[in-house]
$ cat my_file.txt   # compact mmCIF, C-alpha atoms
# COMPACT_ATOMS: atom_id res chain seq x y z
CA MET V 17 68.77 147.65 104.25
CA LYS V 18 69.59 150.94 106.01
CA LYS V 19 70.56 150.52 109.62
CA ASP V 20 68.13 153.26 110.68
CA SER V 21 65.10 151.93 108.80
CA GLU V 22 61.94 152.35 110.87
CA ASN V 23 60.35 149.12 109.76
CA PRO V 24 62.01 145.79 110.47
CA ILE V 25 61.56 142.44 108.82
CA ILE V 26 59.02 140.67 111.01
CA VAL V 27 59.34 136.91 111.46
CA VAL V 28 56.18 135.27 112.83
CA GLY V 29 57.05 132.05 114.63
CA GLY V 30 60.10 131.19 116.71
CA GLY V 31 60.53 127.57 115.70
CA ALA V 32 63.25 126.06 113.52
CA ALA V 33 62.33 127.84 110.27
CA GLY V 34 61.58 131.14 112.00
CA MET V 35 64.78 131.32 114.02
CA MET V 36 66.87 130.43 110.98
CA ALA V 37 65.01 133.02 108.87
CA ALA V 38 65.69 135.68 111.50
CA CYS V 39 69.38 134.73 111.64
CA ALA V 40 69.70 134.83 107.86
CA ALA V 41 67.97 138.19 107.53
CA ALA V 42 69.90 139.79 110.39
CA GLY V 43 73.11 138.29 109.03
CA GLU V 44 72.54 140.35 105.89
CA GLY V 45 72.30 143.52 107.96
CA ALA V 46 68.53 143.74 108.23
CA LYS V 47 66.68 144.95 111.31
CA VAL V 48 64.66 141.93 112.47
CA LEU V 49 61.78 141.47 114.91
CA LEU V 50 60.94 137.86 115.85
CA LEU V 51 57.46 137.25 117.28
CA GLU V 52 56.69 134.04 119.20
CA LYS V 53 53.38 133.33 120.93
CA ASN V 54 54.90 130.79 123.34
CA GLU V 55 56.86 131.62 126.47
CA LYS V 56 60.09 130.42 124.83
CA LEU V 57 61.63 129.83 121.42
CA GLY V 58 61.97 126.43 119.78
CA LYS V 59 59.35 124.67 121.85
CA LYS V 60 58.85 121.93 119.26
CA ILE V 61 62.60 121.44 118.82
CA TYR V 62 62.83 120.33 122.45
CA ILE V 63 60.71 117.24 121.80
CA THR V 64 62.12 116.18 118.42
CA GLY V 65 64.15 112.99 118.23
CA LYS V 66 62.84 111.97 121.67
CA GLY V 67 64.49 115.01 123.15
CA ARG V 68 67.76 114.54 121.26
CA CYS V 69 66.89 116.50 118.08
CA ASN V 70 67.86 114.77 114.84
CA TYR V 71 68.47 118.17 113.26
CA THR V 72 69.47 117.10 109.74
CA ASN V 73 70.54 114.14 107.65
CA CYS V 74 74.01 114.24 106.09
CA CYS V 75 73.15 112.21 103.02
CA GLU V 76 74.43 113.48 99.70
CA THR V 77 72.32 116.40 98.57
CA GLU V 78 71.16 114.69 95.37
CA ASP V 79 69.88 111.79 97.50
CA PHE V 80 67.95 114.08 99.83
CA PHE V 81 64.95 114.42 97.55
CA ARG V 82 64.26 110.68 97.54
CA HIS V 83 63.17 111.16 101.16
CA VAL V 84 60.63 113.85 100.27
CA PRO V 85 57.39 112.28 98.99
CA CYS V 86 55.54 115.60 98.72
CA ASN V 87 56.67 118.28 96.20
CA PRO V 88 60.42 117.56 96.25
CA ARG V 89 61.13 119.61 93.11
CA PHE V 90 59.98 122.78 94.84
CA LEU V 91 62.85 122.35 97.31
CA TYR V 92 65.71 122.05 94.82
CA SER V 93 66.81 125.68 95.04
CA SER V 94 66.56 126.08 98.82
CA ILE V 95 68.15 122.72 99.66
CA TYR V 96 71.04 123.16 97.25
CA GLY V 97 71.42 126.71 98.58
CA PHE V 98 71.70 125.51 102.20
CA ASP V 99 72.26 121.78 102.08
CA PRO V 100 72.70 119.35 105.00
CA HIS V 101 76.47 119.80 105.07
CA ALA V 102 76.07 123.59 105.08
CA VAL V 103 73.61 123.25 107.98
CA MET V 104 76.10 121.12 109.93
CA ASP V 105 78.83 123.67 109.23
CA TRP V 106 76.53 126.50 110.32
CA PHE V 107 75.83 124.90 113.70
CA GLU V 108 79.35 123.59 114.26
CA SER V 109 80.91 126.99 113.48
CA ARG V 110 78.70 128.37 116.24
CA GLY V 111 79.84 125.80 118.77
CA LEU V 112 77.42 122.90 118.39
CA LYS V 113 79.34 119.66 117.96
CA SER V 114 77.51 116.97 116.01
CA ALA V 115 77.34 113.19 115.98
CA VAL V 116 76.30 111.14 112.95
CA GLU V 117 74.36 107.97 113.66
CA ARG V 118 72.72 105.16 111.70
CA GLY V 119 71.07 106.29 108.48
CA ASN V 120 73.18 109.49 108.33
CA ARG V 121 71.04 111.03 111.07
CA VAL V 122 72.76 114.01 112.68
CA PHE V 123 72.33 114.81 116.39
CA PRO V 124 74.03 117.22 118.77
CA ALA V 125 77.01 115.38 120.26
CA SER V 126 75.51 116.16 123.67
CA SER V 127 72.26 114.36 122.70
CA ARG V 128 70.38 117.39 124.05
CA ALA V 129 67.81 119.06 121.80
CA SER V 130 68.06 122.15 123.99
CA ASP V 131 71.60 122.73 122.68
CA VAL V 132 70.24 123.24 119.16
CA THR V 133 67.87 125.93 120.42
CA LYS V 134 70.57 127.53 122.57
CA THR V 135 72.87 127.79 119.53
CA LEU V 136 70.17 129.59 117.58
CA GLU V 137 69.30 131.86 120.51
CA THR V 138 72.94 132.81 120.95
CA GLU V 139 73.20 133.71 117.27
CA LEU V 140 69.98 135.75 117.41
CA LYS V 141 71.38 137.69 120.36
CA ARG V 142 74.71 138.24 118.60
CA LEU V 143 72.88 139.60 115.56
CA ARG V 144 70.74 141.85 117.77
CA VAL V 145 67.45 140.36 116.66
CA GLU V 146 64.62 141.77 118.77
CA ILE V 147 62.53 138.94 120.24
CA ARG V 148 59.04 139.22 121.66
CA LEU V 149 57.73 136.18 123.53
CA ASN V 150 54.11 135.59 124.55
CA CYS V 151 53.28 137.70 121.51
CA GLU V 152 50.37 136.44 119.41
CA VAL V 153 49.72 137.73 115.91
CA ARG V 154 46.07 138.22 114.96
CA ASP V 155 46.37 138.97 111.24
CA LEU V 156 48.44 140.47 108.43
CA LEU V 157 48.36 144.10 107.37
CA THR V 158 48.41 145.02 103.68
CA GLU V 159 48.58 148.21 101.69
CA LYS V 160 47.20 148.82 98.21
CA GLU V 161 49.19 151.82 97.00
CA PRO V 162 51.34 152.03 94.97
CA GLU V 163 50.99 148.24 94.83
CA ARG V 164 49.32 145.62 96.96
CA ARG V 165 51.85 144.19 99.38
CA VAL V 166 52.18 143.14 103.00
CA SER V 167 52.88 146.04 105.36
CA GLY V 168 52.99 144.47 108.81
CA VAL V 169 50.98 142.55 111.39
CA ARG V 170 48.27 143.19 113.94
CA LEU V 171 48.86 141.63 117.37
CA GLY V 172 46.26 140.03 119.59
CA THR V 173 46.47 143.15 121.77
CA GLY V 174 45.43 145.27 118.80
CA GLU V 175 48.89 146.79 118.39
CA LEU V 176 49.97 147.40 114.79
CA LEU V 177 53.55 146.62 113.79
CA ARG V 178 54.80 147.90 110.44
CA ALA V 179 57.32 145.88 108.44
CA GLU V 180 59.37 145.95 105.26
CA ALA V 181 58.60 142.24 104.89
CA VAL V 182 56.84 139.53 106.87
CA ILE V 183 58.09 135.95 107.07
CA LEU V 184 55.48 133.41 108.17
CA ALA V 185 57.09 130.42 109.90
CA THR V 186 54.29 129.37 112.22
CA GLY V 187 54.52 125.61 111.69
CA GLY V 188 51.65 123.28 110.91
CA LYS V 189 49.01 121.67 113.11
CA SER V 190 51.06 118.80 114.51
CA TYR V 191 51.76 118.74 118.26
CA PRO V 192 49.39 121.67 118.93
CA SER V 193 50.59 121.73 122.56
CA THR V 194 53.81 123.32 121.23
CA GLY V 195 51.86 126.19 119.68
CA SER V 196 51.40 124.72 116.19
CA THR V 197 47.69 125.41 115.95
CA GLY V 198 47.42 126.29 112.26
CA ASP V 199 47.49 130.10 112.59
CA GLY V 200 49.76 130.46 109.58
CA TYR V 201 47.25 128.77 107.29
CA ARG V 202 44.68 131.39 108.26
CA PHE V 203 47.14 134.22 107.62
CA ALA V 204 48.18 132.81 104.24
CA SER V 205 44.57 132.18 103.24
CA SER V 206 43.64 135.77 104.10
CA ALA V 207 46.43 136.87 101.77
CA GLY V 208 44.83 134.90 98.97
CA HIS V 209 46.79 131.66 99.14
CA LYS V 210 45.30 128.24 98.49
CA ILE V 211 45.73 125.81 101.37
CA THR V 212 45.84 122.20 100.25
CA GLU V 213 44.07 119.57 102.34
CA LEU V 214 45.68 119.19 105.76
CA SER V 215 46.21 115.84 107.45
CA PRO V 216 48.54 114.36 110.09
CA SER V 217 51.70 112.75 108.73
CA LEU V 218 54.56 110.75 110.22
CA VAL V 219 51.89 109.47 112.55
CA PRO V 220 50.85 106.08 114.00
CA ILE V 221 48.30 103.99 112.09
CA THR V 222 45.14 102.39 113.43
CA VAL V 223 44.42 98.72 112.75
CA GLN V 224 41.12 96.85 112.97
CA ASP V 225 42.47 93.36 113.81
CA ALA V 226 41.36 92.34 117.30
CA ASP V 227 44.58 90.48 118.19
CA ILE V 228 46.97 93.43 117.61
CA PRO V 229 46.41 95.03 121.08
CA GLU V 230 47.59 91.75 122.67
CA MET V 231 51.08 92.66 121.49
CA GLN V 232 51.03 96.25 122.80
CA GLY V 233 54.55 97.51 123.47
CA LEU V 234 56.27 94.83 121.37
CA SER V 235 58.94 96.24 119.05
CA LEU V 236 60.07 94.46 115.91
CA LYS V 237 63.38 95.24 114.22
CA ASN V 238 64.53 94.51 110.68
CA VAL V 239 61.10 93.55 109.40
CA ARG V 240 59.50 94.28 106.06
CA PHE V 241 56.21 96.20 105.99
CA GLN V 242 54.10 96.27 102.86
CA VAL V 243 50.78 98.01 102.17
CA ARG V 244 48.56 97.30 99.18
CA ASP V 245 45.34 98.60 97.70
CA GLY V 246 44.13 95.62 95.73
CA ARG V 247 47.03 94.66 93.49
CA LYS V 248 48.71 98.06 93.76
CA THR V 249 51.61 98.32 96.21
CA LEU V 250 51.45 101.63 98.09
CA PHE V 251 54.40 101.13 100.45
CA ASP V 252 57.17 98.55 100.83
CA ASP V 253 60.17 99.04 103.09
CA PHE V 254 62.31 97.56 105.88
CA GLY V 255 62.85 98.86 109.39
CA GLU V 256 61.57 99.02 112.94
CA MET V 257 57.99 99.14 114.19
CA MET V 258 55.97 98.65 117.34
CA PHE V 259 52.48 97.39 118.23
CA THR V 260 50.16 99.58 120.29
CA HIS V 261 46.70 99.31 121.86
CA PHE V 262 45.21 100.88 118.70
CA GLY V 263 47.50 99.60 115.94
CA VAL V 264 51.11 100.18 114.95
CA THR V 265 53.78 102.88 115.23
CA GLY V 266 57.57 103.27 114.97
CA PRO V 267 59.87 104.67 112.24
CA LEU V 268 58.73 102.23 109.56
CA ILE V 269 55.06 102.97 110.22
CA LEU V 270 55.57 106.73 110.35
CA SER V 271 57.24 106.63 106.94
CA ALA V 272 54.35 104.52 105.63
CA SER V 273 51.87 107.13 106.85
CA ALA V 274 53.56 109.76 104.66
CA ASN V 275 52.95 107.57 101.61
CA LEU V 276 49.33 106.68 102.38
CA GLN V 277 47.88 110.17 102.67
CA LYS V 278 45.59 109.87 99.65
CA GLN V 279 44.29 106.37 100.35
CA ILE V 280 44.15 105.65 104.07
CA GLY V 281 40.94 106.35 105.90
CA LYS V 282 38.87 106.33 102.74
CA LYS V 283 38.73 102.54 102.82
CA PRO V 284 40.55 99.74 104.67
CA LEU V 285 43.99 98.91 103.29
CA SER V 286 45.67 95.51 103.37
CA ALA V 287 49.07 95.38 105.06
CA GLU V 288 51.47 92.60 105.95
CA ILE V 289 54.67 92.15 107.89
CA ASP V 290 57.43 89.81 106.82
CA LEU V 291 58.82 88.79 110.19
CA LYS V 292 61.80 87.00 108.65
CA PRO V 293 62.74 89.03 105.54
CA ALA V 294 66.30 87.64 105.49
CA LEU V 295 64.98 84.10 104.95
CA SER V 296 63.24 82.78 101.86
CA GLU V 297 60.27 80.49 102.47
CA GLU V 298 62.49 77.50 101.70
CA LYS V 299 65.16 78.56 104.20
CA LEU V 300 62.54 79.40 106.80
CA ASP V 301 61.07 75.92 106.36
CA LEU V 302 64.51 74.39 106.98
CA ARG V 303 64.84 76.53 110.12
CA ILE V 304 61.42 75.43 111.39
CA VAL V 305 62.14 71.77 110.63
CA ARG V 306 65.40 72.02 112.56
CA ASP V 307 63.67 73.64 115.54
CA PHE V 308 60.92 71.04 115.48
CA GLU V 309 63.46 68.19 115.37
CA GLN V 310 65.21 69.68 118.40
CA ASN V 311 61.87 69.90 120.22
CA SER V 312 60.21 66.80 118.82
CA ASN V 313 58.85 65.70 122.21
CA LYS V 314 57.31 69.08 123.00
CA VAL V 315 53.88 70.48 122.13
CA PHE V 316 53.67 73.22 119.51
CA ARG V 317 53.24 76.17 121.90
CA ASN V 318 56.50 75.24 123.66
CA ALA V 319 58.51 74.80 120.47
CA VAL V 320 58.32 78.28 118.91
CA SER V 321 60.20 80.35 121.50
CA GLY V 322 63.24 80.59 119.25
CA LEU V 323 61.21 81.87 116.31
CA TYR V 324 59.00 84.62 117.74
CA PRO V 325 59.00 87.11 120.64
CA ALA V 326 57.10 85.83 123.68
CA ARG V 327 54.29 88.37 123.37
CA MET V 328 53.73 87.41 119.74
CA GLN V 329 53.73 83.64 120.15
CA PRO V 330 50.04 83.21 121.15
CA VAL V 331 48.95 85.33 118.17
CA ILE V 332 51.12 83.41 115.71
CA ILE V 333 49.88 80.09 117.09
CA ARG V 334 46.23 81.10 116.69
CA ARG V 335 46.75 82.49 113.21
CA SER V 336 48.58 79.36 112.06
CA GLY V 337 45.57 77.22 112.94
CA ILE V 338 47.84 74.59 114.52
CA PRO V 339 46.47 73.47 117.91
CA ALA V 340 48.71 74.86 120.64
CA GLY V 341 48.82 71.49 122.41
CA LYS V 342 49.59 69.42 119.34
CA ALA V 343 52.77 67.34 119.56
CA VAL V 344 55.49 68.79 117.34
CA HIS V 345 56.23 65.39 115.74
CA ASP V 346 52.58 65.21 114.59
CA ILE V 347 52.59 68.56 112.77
CA THR V 348 52.02 67.99 109.04
CA LYS V 349 53.85 69.63 106.18
CA ALA V 350 50.67 71.49 105.23
CA GLU V 351 50.45 72.91 108.75
CA ARG V 352 54.10 73.88 108.59
CA MET V 353 53.48 75.67 105.29
CA GLU V 354 50.67 77.66 106.93
CA LEU V 355 53.01 78.66 109.75
CA ILE V 356 55.49 79.88 107.15
CA ARG V 357 52.75 81.86 105.40
CA VAL V 358 51.74 83.56 108.64
CA THR V 359 55.37 84.37 109.40
CA LYS V 360 56.18 85.81 105.98
CA HIS V 361 52.76 87.42 105.48
CA PHE V 362 51.50 88.52 108.90
CA GLN V 363 48.40 90.35 107.77
CA MET V 364 46.64 93.42 109.14
CA THR V 365 43.92 95.78 107.97
CA LEU V 366 44.78 99.48 108.26
CA THR V 367 41.83 101.77 108.97
CA GLY V 368 43.26 105.26 109.41
CA LEU V 369 45.78 107.68 110.89
CA ARG V 370 45.99 108.95 114.44
CA GLY V 371 45.43 112.66 115.00
CA PHE V 372 47.54 115.81 114.86
CA GLN V 373 48.29 115.43 118.58
CA GLU V 374 50.54 112.46 117.71
CA ALA V 375 51.78 113.59 114.29
CA VAL V 376 55.38 114.67 113.78
CA ILE V 377 54.43 116.91 110.85
CA THR V 378 51.47 118.20 108.85
CA HIS V 379 50.78 116.99 105.33
CA GLY V 380 49.43 119.73 103.08
CA GLY V 381 49.72 123.48 103.48
CA VAL V 382 50.30 126.58 101.37
CA SER V 383 50.32 125.56 97.72
CA VAL V 384 53.91 125.64 96.47
CA LYS V 385 52.66 126.80 93.06
CA GLU V 386 52.03 130.16 94.71
CA VAL V 387 55.51 130.53 96.27
CA ASP V 388 58.79 131.39 94.55
CA PRO V 389 61.05 128.37 95.23
CA SER V 390 64.24 130.48 95.14
CA THR V 391 63.16 133.15 97.61
CA MET V 392 60.10 131.69 99.39
CA GLU V 393 58.27 134.93 98.54
CA SER V 394 54.55 134.76 97.93
CA ARG V 395 53.51 135.06 94.31
CA ILE V 396 50.16 136.37 95.60
CA LEU V 397 51.23 139.08 98.08
CA PRO V 398 54.64 140.75 97.59
CA GLY V 399 56.69 141.17 100.73
CA LEU V 400 55.22 138.03 102.31
CA TYR V 401 57.53 135.05 102.70
CA LEU V 402 56.64 131.53 103.83
CA ALA V 403 58.91 128.86 105.32
CA GLY V 404 58.95 125.49 107.01
CA GLU V 405 56.03 123.20 107.80
CA LEU V 406 53.54 125.85 106.69
CA LEU V 407 54.36 124.92 103.09
CA ASP V 408 52.91 121.91 101.29
CA VAL V 409 56.11 119.89 101.57
CA ASP V 410 56.95 117.05 103.92
CA ALA V 411 59.51 114.29 104.22
CA TYR V 412 60.24 111.04 106.02
CA THR V 413 61.77 110.73 109.47
CA GLY V 414 65.54 110.99 109.81
CA GLY V 415 66.22 114.74 110.00
CA PHE V 416 64.77 115.58 106.60
CA ASN V 417 61.92 117.77 107.82
CA LEU V 418 64.14 119.92 110.01
CA GLN V 419 66.53 120.26 107.07
CA ILE V 420 63.59 121.61 105.05
CA ALA V 421 62.88 124.09 107.85
CA TRP V 422 66.48 125.32 107.95
CA ALA V 423 66.77 125.59 104.16
CA THR V 424 63.45 127.33 103.49
CA GLY V 425 63.92 129.61 106.50
CA HIS V 426 67.42 130.54 105.36
CA ALA V 427 66.20 131.26 101.81
CA ALA V 428 63.30 133.38 103.07
CA GLY V 429 65.43 135.40 105.48
CA ALA V 430 68.20 136.15 102.97
CA ALA V 431 65.73 137.07 100.22
CA ALA V 432 63.61 139.25 102.49
CA ALA V 433 66.71 141.16 103.62
CA ALA V 434 67.86 141.70 100.04
CA SER V 435 64.41 142.89 98.94
CA ALA V 436 64.06 145.22 101.93
CA ALA V 437 67.50 146.70 101.26
CA GLU V 438 66.51 147.38 97.66
CA ARG V 439 63.22 149.02 98.66
CA THR V 440 64.78 151.31 101.25
CA GLY V 441 67.75 152.27 99.11

$ encode --input "my_file.txt" --output "structure tokens"
Amino acid sequence: MKKDSENPIIVVGGGAAGMMAACAAAGEGAKVLLLEKNEKLGKKIYITGKGRCNYTNCCETEDFFRHVPCNPRFLYSSIYGFDPHAVMDWFESRGLKSAVERGNRVFPASSRASDVTKTLETELKRLRVEIRLNCEVRDLLTEKEPERRVSGVRLGTGELLRAEAVILATGGKSYPSTGSTGDGYRFASSAGHKITELSPSLVPITVQDADIPEMQGLSLKNVRFQVRDGRKTLFDDFGEMMFTHFGVTGPLILSASANLQKQIGKKPLSAEIDLKPALSEEKLDLRIVRDFEQNSNKVFRNAVSGLYPARMQPVIIRRSGIPAGKAVHDITKAERMELIRVTKHFQMTLTGLRGFQEAVITHGGVSVKEVDPSTMESRILPGLYLAGELLDVDAYTGGFNLQIAWATGHAAGAAAAASAAERTG
């Protein structure tokens, strides 16, 4: 692109995908204008990873796609073009030291999400990207001659800004307090794009069982969580979860929510927790027998402290059907078998997902069939590029969704710069 070109590449949205798109485009020599409706860039980045920002996952690239339940094939080109290791190198070469934790999750070594945003802001400044904050876009501008293509944006103030290309990176609808209010879906739809059904994902799940709120705040580690629809298993994995006043949450539950998008809420789903997945029923029985022998003169409610967390004990006791005051030495084998069943198959009925206010990401978005996977350019409106959560792709927790933002933003920015350079000679 010529240095004196009147029209810049306009990036709408100053989140992860937008900032990376602006860096990539400016890095190719393009004139770039970044528009952000919030008072600062990267507002959602500040709250990711509980304020620590798990900004990618350094798994092997070929393994990455196993963590993407929605349209993983669409991401092959962009992820291989800017894979997790390339992302780490990009940030580290610009001064952000990283730390790899359990599950290959990558964090800033400082454990401060703000350092990720600062690194991007410093690079934007170095590349002389023009940034406008508190700047809301109202709609896209298009021209029809000599071909239909995007030509700029109209601001909320009515001001018209012309552009060689427009990159939409406005995020989804999750955490609307950060500015993700779904504007990009409206822009893309006005351009002719199909928007697939939107729903909250990586979100807590509501449960109908009346005894679940009794355990509010209780975290369980290394448990197995399984969800079924009749005989069909919809989700089955190990990890950490927590009970709440409305149901369940935690990493294991958030991952489950990503897999249950088509089924949950339409009808109740059966779920169960294996509280002792490392023990077979036979070994668990031996453990219980040993505990009972050591507490043979106690009543049942006072003999289970070594098996279950304190807050869970009353619930387990009720569900087992064994009277809490029954002497341990009087408990029958049949009663013991029922206790084992409750422990290995702690059942719940899932009724739905919590809202976008609690969702990490949005499921659904701009149909990937209408976007070039190599360049992120719209197949509907030339000159329009789409990146990040706006697209109908989403992944599990662990840094995978931010990696998608970096990769798609990088692809969009580089391709937009190359196209603009070609158009302007």

$ residues_around --input "my_file.txt" --residues "stretch 183-197 of chain V" --least-positions-apart "3" --cutoff "7 Å" --atoms "all atoms listed in the file" --output "list of chain:residue names"
V:Ile26, V:Val27, V:Val28, V:Gly29, V:Ala33, V:Gly34, V:Asn54, V:Lys59, V:Lys60, V:Gly200, V:Pro216, V:Phe372, V:Gln373, V:Glu374, V:Ala375, V:Val376, V:Ile377, V:Thr378, V:Leu400, V:Tyr401, V:Leu402, V:Ala403, V:Gly404, V:Glu405, V:Leu406

$ closest_residue --input "my_file.txt" --among "V:Leu418, V:Ala287, V:His345, V:Ala340" --to "V:Ser312" --atoms "all atoms listed in the file"
V:His345

$ closest_residue --input "my_file.txt" --among "V:Leu268, V:Ala423, V:Leu218, V:Ala32" --to "V:Glu137" --atoms "all atoms listed in the file"
V:Ala32

$ residues_around --input "my_file.txt" --residues "V:Val169" --least-positions-apart "3" --cutoff "10 Å" --atoms "all atoms listed in the file" --output "ChimeraX atom specification"
/V:26,28,153-158,166,172,174-179,182,203

$ residues_around --input "my_file.txt" --residues "V:Ile228" --least-positions-apart "3" --cutoff "9 Å" --atoms "only C-alpha atoms" --output "PDB file with C-alpha atoms, in the coordinates of the input"
ATOM      1  CA  VAL V 223      44.420  98.720 112.750  1.00  0.00           C
ATOM      2  CA  GLN V 224      41.120  96.850 112.970  1.00  0.00           C
ATOM      3  CA  ASP V 225      42.470  93.360 113.810  1.00  0.00           C
ATOM      4  CA  MET V 231      51.080  92.660 121.490  1.00  0.00           C
ATOM      5  CA  GLN V 232      51.030  96.250 122.800  1.00  0.00           C
ATOM      6  CA  PHE V 259      52.480  97.390 118.230  1.00  0.00           C
ATOM      7  CA  THR V 260      50.160  99.580 120.290  1.00  0.00           C
ATOM      8  CA  HIS V 261      46.700  99.310 121.860  1.00  0.00           C
ATOM      9  CA  PHE V 262      45.210 100.880 118.700  1.00  0.00           C
ATOM     10  CA  GLY V 263      47.500  99.600 115.940  1.00  0.00           C
ATOM     11  CA  VAL V 264      51.110 100.180 114.950  1.00  0.00           C
ATOM     12  CA  VAL V 331      48.950  85.330 118.170  1.00  0.00           C
ATOM     13  CA  MET V 364      46.640  93.420 109.140  1.00  0.00           C
TER      14      MET V 364
END

$ closest_residue --input "my_file.txt" --among "V:Asn87, V:Thr413, V:Ser394, V:Thr365" --to "V:Ser217" --atoms "only C-alpha atoms"
V:Thr413

$ atom_distance --input "my_file.txt" --atom1 "atom CA of V:Leu323" --atom2 "atom CA of V:Pro267"
23.2 Å

$ atom_distance --input "my_file.txt" --atom1 "atom CA of V:Glu52" --atom2 "atom CA of V:Leu149"
4.9 Å

$ closest_residue --input "my_file.txt" --among "V:Ile332, V:His101, V:Asn70, V:Asp346" --to "V:Glu230" --atoms "only C-alpha atoms"
V:Ile332

$ closest_residue --input "my_file.txt" --among "V:Leu143, V:Arg317, V:Ala421, V:Val219" --to "V:Gly31" --atoms "all atoms listed in the file"
V:Ala421

$ closest_residue --input "my_file.txt" --among "V:Leu250, V:Ala204, V:Leu295, V:Ala46" --to "V:Arg395" --atoms "only C-alpha atoms"
V:Ala204

$ axis_aligned_box --input "my_file.txt" --around "stretch 147-159 of chain V" --padding-each-side "3 Å" --output "lines of an AutoDock Vina configuration file"
center_x = 54.3
center_y = 141.9
center_z = 113.1
size_x = 22.5
size_y = 18.6
size_z = 28.9

$ residues_around --input "my_file.txt" --residues "V:Ala294" --least-positions-apart "3" --cutoff "10 Å" --atoms "all atoms listed in the file" --output "list in words"
Asn238, Val239, Arg240, Asp290, Leu291, Glu297, Lys299 and Leu300 of chain V

$ atom_distance --input "my_file.txt" --atom1 "atom CA of V:Leu285" --atom2 "atom CA of V:Pro85"
19.4 Å

$ residues_around --input "my_file.txt" --residues "V:Cys86" --least-positions-apart "4" --cutoff "9 Å" --atoms "all atoms listed in the file" --output "ChimeraX atom specification"
/V:274-275,379-380,408-411

$ residues_near_point --input "my_file.txt" --point "(50.7, 67.1, 115.9)" --cutoff "12 Å" --atoms "only C-alpha atoms" --output "PyMOL selection string"
chain V and resi 308+312-317+319+337-352

$ residues_near_point --input "my_file.txt" --point "(70.9, 140.9, 114.1)" --cutoff "9 Å" --atoms "only C-alpha atoms" --output "list in words"
Ala38, Cys39, Ala40, Ala41, Ala42, Gly43, Glu44, Gly45, Ala46, Lys47, Val48, Glu139, Leu140, Lys141, Arg142, Leu143, Arg144, Val145 and Glu146 of chain V

$ build_atoms --input "my_file.txt" --residues "stretch 221-232 of chain V" --atoms "N, CA and C atoms" --output "CSV table (one decimal), in the coordinates of the input"
chain,number,residue,atom,x,y,z
V,221,ILE,N,49.4,104.5,112.9
V,221,ILE,CA,48.3,104.0,112.1
V,221,ILE,C,47.4,103.1,112.9
V,222,THR,N,46.1,103.2,112.7
V,222,THR,CA,45.1,102.4,113.4
V,222,THR,C,44.9,101.1,112.6
V,223,VAL,N,44.6,100.0,113.3
V,223,VAL,CA,44.4,98.7,112.8
V,223,VAL,C,43.1,98.1,113.3
V,224,GLN,N,42.4,97.4,112.5
V,224,GLN,CA,41.1,96.8,113.0
V,224,GLN,C,41.2,95.5,113.6
V,225,ASP,N,42.3,94.7,113.3
V,225,ASP,CA,42.5,93.4,113.8
V,225,ASP,C,42.5,93.3,115.3
V,226,ALA,N,41.6,92.4,115.9
V,226,ALA,CA,41.4,92.3,117.3
V,226,ALA,C,42.6,91.8,118.1
V,227,ASP,N,43.5,91.1,117.4
V,227,ASP,CA,44.6,90.5,118.2
V,227,ASP,C,45.8,91.4,118.3
V,228,ILE,N,45.8,92.5,117.6
V,228,ILE,CA,47.0,93.4,117.6
V,228,ILE,C,47.2,94.0,119.0
V,229,PRO,N,46.2,94.5,119.7
V,229,PRO,CA,46.4,95.0,121.1
V,229,PRO,C,47.1,94.1,122.0
V,230,GLU,N,46.9,92.7,121.8
V,230,GLU,CA,47.6,91.8,122.7
V,230,GLU,C,49.1,91.9,122.7
V,231,MET,N,49.6,92.5,121.6
V,231,MET,CA,51.1,92.7,121.5
V,231,MET,C,51.6,94.1,121.8
V,232,GLN,N,50.7,94.9,122.4
V,232,GLN,CA,51.0,96.2,122.8
V,232,GLN,C,52.4,96.4,123.5
